[in-house]
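The structure file start.cif is reproduced below (mmCIF, C-alpha atoms).
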```
data_work
#
loop_
_atom_site.label_atom_id
_atom_site.label_comp_id
_atom_site.auth_asym_id
_atom_site.auth_seq_id
_atom_site.Cartn_x
_atom_site.Cartn_y
_atom_site.Cartn_z
CA MET V 1 15.45 -7.83 -7.28
CA ALA V 2 11.79 -7.76 -6.28
CA GLU V 3 10.69 -5.99 -3.12
CA THR V 4 7.63 -6.84 -1.05
CA TYR V 5 5.51 -4.19 0.64
CA THR V 6 2.53 -4.56 2.96
CA ILE V 7 -0.32 -2.07 3.22
CA GLU V 8 -2.35 -2.38 6.38
CA SER V 9 -4.35 -0.29 8.80
CA ALA V 10 -2.32 2.24 10.75
CA ASP V 11 -4.44 1.36 13.80
CA ASP V 12 -4.21 -2.27 14.91
CA SER V 13 -7.60 -2.03 16.62
CA VAL V 14 -9.40 -0.83 13.45
CA LEU V 15 -8.79 -3.16 10.52
CA ILE V 16 -9.39 -2.17 6.90
CA GLY V 17 -12.46 -4.01 5.68
CA PRO V 18 -12.09 -6.80 3.09
CA ARG V 19 -14.19 -4.85 0.55
CA LEU V 20 -11.85 -1.85 0.77
CA LEU V 21 -8.76 -4.03 0.46
CA ARG V 22 -10.22 -5.72 -2.63
CA GLU V 23 -11.01 -2.30 -4.09
CA LEU V 24 -7.39 -1.17 -3.61
CA GLN V 25 -6.17 -4.47 -5.05
CA ASP V 26 -8.29 -3.89 -8.17
CA LEU V 27 -7.12 -0.27 -8.52
CA LEU V 28 -3.46 -1.29 -8.35
CA ARG V 29 -3.95 -4.13 -10.83
CA GLU V 30 -5.86 -1.94 -13.30
CA ASP V 31 -3.36 0.96 -13.37
CA GLU V 32 -1.45 0.68 -16.66
CA ASP V 33 1.61 2.47 -15.23
CA LEU V 34 2.12 -0.17 -12.55
CA ASP V 35 3.61 -3.63 -12.92
CA LEU V 36 2.94 -5.18 -9.54
CA GLY V 37 2.01 -8.47 -8.01
CA VAL V 38 -0.85 -7.76 -5.61
CA ARG V 39 -2.52 -10.21 -3.25
CA LEU V 40 -4.66 -10.11 -0.13
CA LYS V 41 -2.94 -11.13 3.09
CA ASP V 42 -5.25 -13.05 5.42
CA ARG V 43 -5.26 -13.55 9.14
CA PRO V 44 -6.20 -16.96 10.50
CA PRO V 45 -9.86 -17.36 11.45
CA ALA V 46 -10.76 -16.64 15.05
CA PRO V 47 -12.62 -19.29 17.03
CA GLY V 48 -16.14 -19.58 15.63
CA GLU V 49 -15.28 -17.96 12.27
CA GLN V 50 -15.67 -19.91 9.03
CA GLY V 51 -12.57 -18.71 7.23
CA ALA V 52 -9.64 -16.36 7.08
CA LEU V 53 -10.26 -12.63 6.64
CA PRO V 54 -8.07 -10.32 4.56
CA VAL V 55 -6.38 -7.76 6.82
CA ALA V 56 -3.68 -6.36 4.54
CA LEU V 57 -2.54 -6.10 0.95
CA GLU V 58 0.84 -7.48 -0.09
CA ILE V 59 2.55 -5.92 -3.09
CA VAL V 60 5.52 -7.34 -4.95
CA ALA V 61 7.30 -4.68 -7.00
CA ALA V 62 9.58 -5.72 -9.86
CA ALA V 63 13.20 -4.63 -10.09
CA THR V 64 12.22 -0.96 -10.27
CA PRO V 65 11.16 0.98 -7.17
CA LEU V 66 7.52 1.94 -6.72
CA SER V 67 6.55 5.02 -8.68
CA THR V 68 4.45 8.14 -8.42
CA ALA V 69 1.63 6.15 -10.07
CA PHE V 70 1.58 3.94 -6.96
CA ALA V 71 1.41 6.98 -4.66
CA GLY V 72 -1.35 8.46 -6.83
CA VAL V 73 -3.50 5.33 -6.52
CA LEU V 74 -2.94 5.28 -2.74
CA LYS V 75 -3.77 8.97 -2.42
CA HIS V 76 -7.03 8.59 -4.34
CA TRP V 77 -8.07 5.53 -2.33
CA ILE V 78 -7.19 7.04 1.08
CA ASP V 79 -8.91 10.35 0.27
CA LYS V 80 -12.03 8.50 -0.89
CA HIS V 81 -12.32 6.37 2.26
CA LYS V 82 -10.74 8.71 4.86
CA ILE V 83 -8.57 6.01 6.40
CA SER V 84 -5.02 5.79 7.70
CA ILE V 85 -2.62 3.14 6.44
CA ASN V 86 0.84 1.88 7.17
CA VAL V 87 3.12 0.92 4.28
CA ARG V 88 6.10 -1.22 5.22
CA ARG V 89 8.73 -3.11 3.29
CA LYS V 90 9.51 -6.74 4.04
CA GLY V 91 12.55 -6.89 6.26
CA GLY V 92 11.36 -3.99 8.40
CA ASP V 93 13.83 -1.44 7.01
CA PHE V 94 11.08 0.90 5.80
CA SER V 95 7.72 1.93 7.24
CA ILE V 96 5.56 5.02 6.74
CA GLU V 97 2.11 5.95 8.02
CA LEU V 98 -0.18 7.88 5.68
CA SER V 99 -3.41 9.54 6.68
CA GLY V 100 -5.57 11.65 4.38
CA VAL V 101 -2.61 11.91 2.05
CA ASN V 102 -1.88 15.26 0.46
CA LEU V 103 0.51 15.82 -2.43
CA SER V 104 3.54 16.37 -0.19
CA ASP V 105 2.81 13.09 1.65
CA ALA V 106 2.70 11.24 -1.68
CA GLU V 107 5.98 12.86 -2.76
CA ARG V 108 7.54 11.97 0.61
CA LEU V 109 6.38 8.36 0.20
CA ILE V 110 8.02 8.06 -3.23
CA ALA V 111 11.25 9.71 -2.05
CA GLN V 112 11.47 7.34 0.92
CA LEU V 113 10.68 4.28 -1.18
CA GLN V 114 13.34 5.22 -3.72
CA ARG V 115 15.96 6.00 -1.07
CA GLY V 116 15.22 2.71 0.68
CA SER V 117 15.69 0.75 -2.55
CA GLY V 118 18.97 2.40 -3.42
CA ALA V 119 17.46 4.55 -6.18
CA GLU V 120 17.82 8.28 -6.29
CA PRO V 121 14.74 10.30 -5.22
CA ASP V 122 12.70 11.67 -8.11
CA ASP V 123 13.06 15.45 -8.06
CA GLY V 124 9.98 15.87 -10.26
CA ASP V 125 11.86 16.76 -13.48
#
```
Starting from the file, lay out its structure as structure tokens.
Amino acid sequence: MAETYTIESADDSVLIGPRLLRELQDLLREDEDLDLGVRLKDRPPAPGEQGALPVALEIVAAATPLSTAFAGVLKHWIDKHKISINVRRKGGDFSIELSGVNLSDAERLIAQLQRGSGAEPDDGD
């Protein structure tokens, strides 16, 4: 069963720029350890705007839960751009805010993702 996750700004008043979202999209697609569907999620254009703007990244994970490779890509991207994000699973049963992720935050993310999907947390062995 596939699960859908959304990555968006942790602060509703400060959106993640389209260039940064495209960069994360490319990083996730290029990682050989990940098998994900990744697409930009747009918001409708505001009055006077010419088109929709990407405001989030939607990820569809295959039958397996997201892995440490996913957390590693997020950690690198967040550290590089010094931004805060919110990762939530479709259905609203899981949400976590990450800011300047350190190793323990990445491990916590994976443990929570695996618990939420019914998988056992990875103890690092």
Contacts of Val14 of chain V at 12 Å (all atoms listed in the file; same-chain gap of 3+ positions) as a CSV table (one decimal) with C-alpha atoms, in the frame of the given file:
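Result written to part-v7.csv:
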```csv
chain,number,residue,atom,x,y,z
V,8,GLU,CA,-2.4,-2.4,6.4
V,9,SER,CA,-4.4,-0.3,8.8
V,10,ALA,CA,-2.3,2.2,10.8
V,11,ASP,CA,-4.4,1.4,13.8
V,17,GLY,CA,-12.5,-4.0,5.7
V,55,VAL,CA,-6.4,-7.8,6.8
V,56,ALA,CA,-3.7,-6.4,4.5
V,83,ILE,CA,-8.6,6.0,6.4
V,84,SER,CA,-5.0,5.8,7.7
V,85,ILE,CA,-2.6,3.1,6.4
```
### Query
What's the 10 Å shell around Ala62 of chain V, counting only C-alpha atoms, without same-chain residues fewer than 6 positions away, as a ChimeraX atom specification?
/V:1-4,34-37
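Ranking V:Ala111, V:Asp33, V:Glu23, V:Tyr5 by their shortest atom-to-atom distance to Asp93 of chain V, with all atoms listed in the file included, puts V:Tyr5 first.
You can rank V:Leu53, V:Val60, V:Ala71, V:Leu24 by their closest distance to Arg89 of chain V using all atoms listed in the file, and at the top of that list sits V:Val60.
Note that atom CA of Lys90 of chain V and atom CA of Pro47 of chain V are 28.6 Å apart.
Proximity to Gln25 of chain V was assessed for V:Lys82, V:His76, V:Arg39, V:Arg108 counting all atoms listed in the file; the smallest distance is recorded for V:Arg39.
For the atom pair formed by atom CA of Leu21 of chain V and atom CA of Ala69 of chain V, the distance is 18.0 Å, given to one decimal.
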### Message
Ranking V:Leu28, V:Leu15, V:Leu98, V:Leu109 by minimum distance to Ala61 of chain V and counting only C-alpha atoms, which one comes first?
### Response
V:Leu28
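Taking only C-alpha atoms into account, the polymer residues that have an atom no farther than 10 Å from (1.8, 3.5, -1.4) are Tyr5, Thr6, Ile7, Leu28, Ile59, Leu66, Ser67, Thr68, Ala69, Phe70, Ala71, Gly72, Val73, Leu74, Lys75, Ile78, Ile85, Asn86, Val87, Arg88, Ile96, Glu97, Leu98, Ala106, Leu109, Ile110 and Leu113 of chain V.
Between atom CA of Trp77 of chain V and atom CA of Gly51 of chain V there is a distance of 26.4 Å.
Of the listed residues (V:Gln50, V:Ser99, V:Ser13, V:Gln112), V:Ser99 comes nearest to Asp79 of chain V; the distances count all atoms listed in the file.
Closest approach to Val38 of chain V among V:Asp12, V:Leu20, V:Lys80, V:Leu57: V:Leu57, based on only C-alpha atoms.
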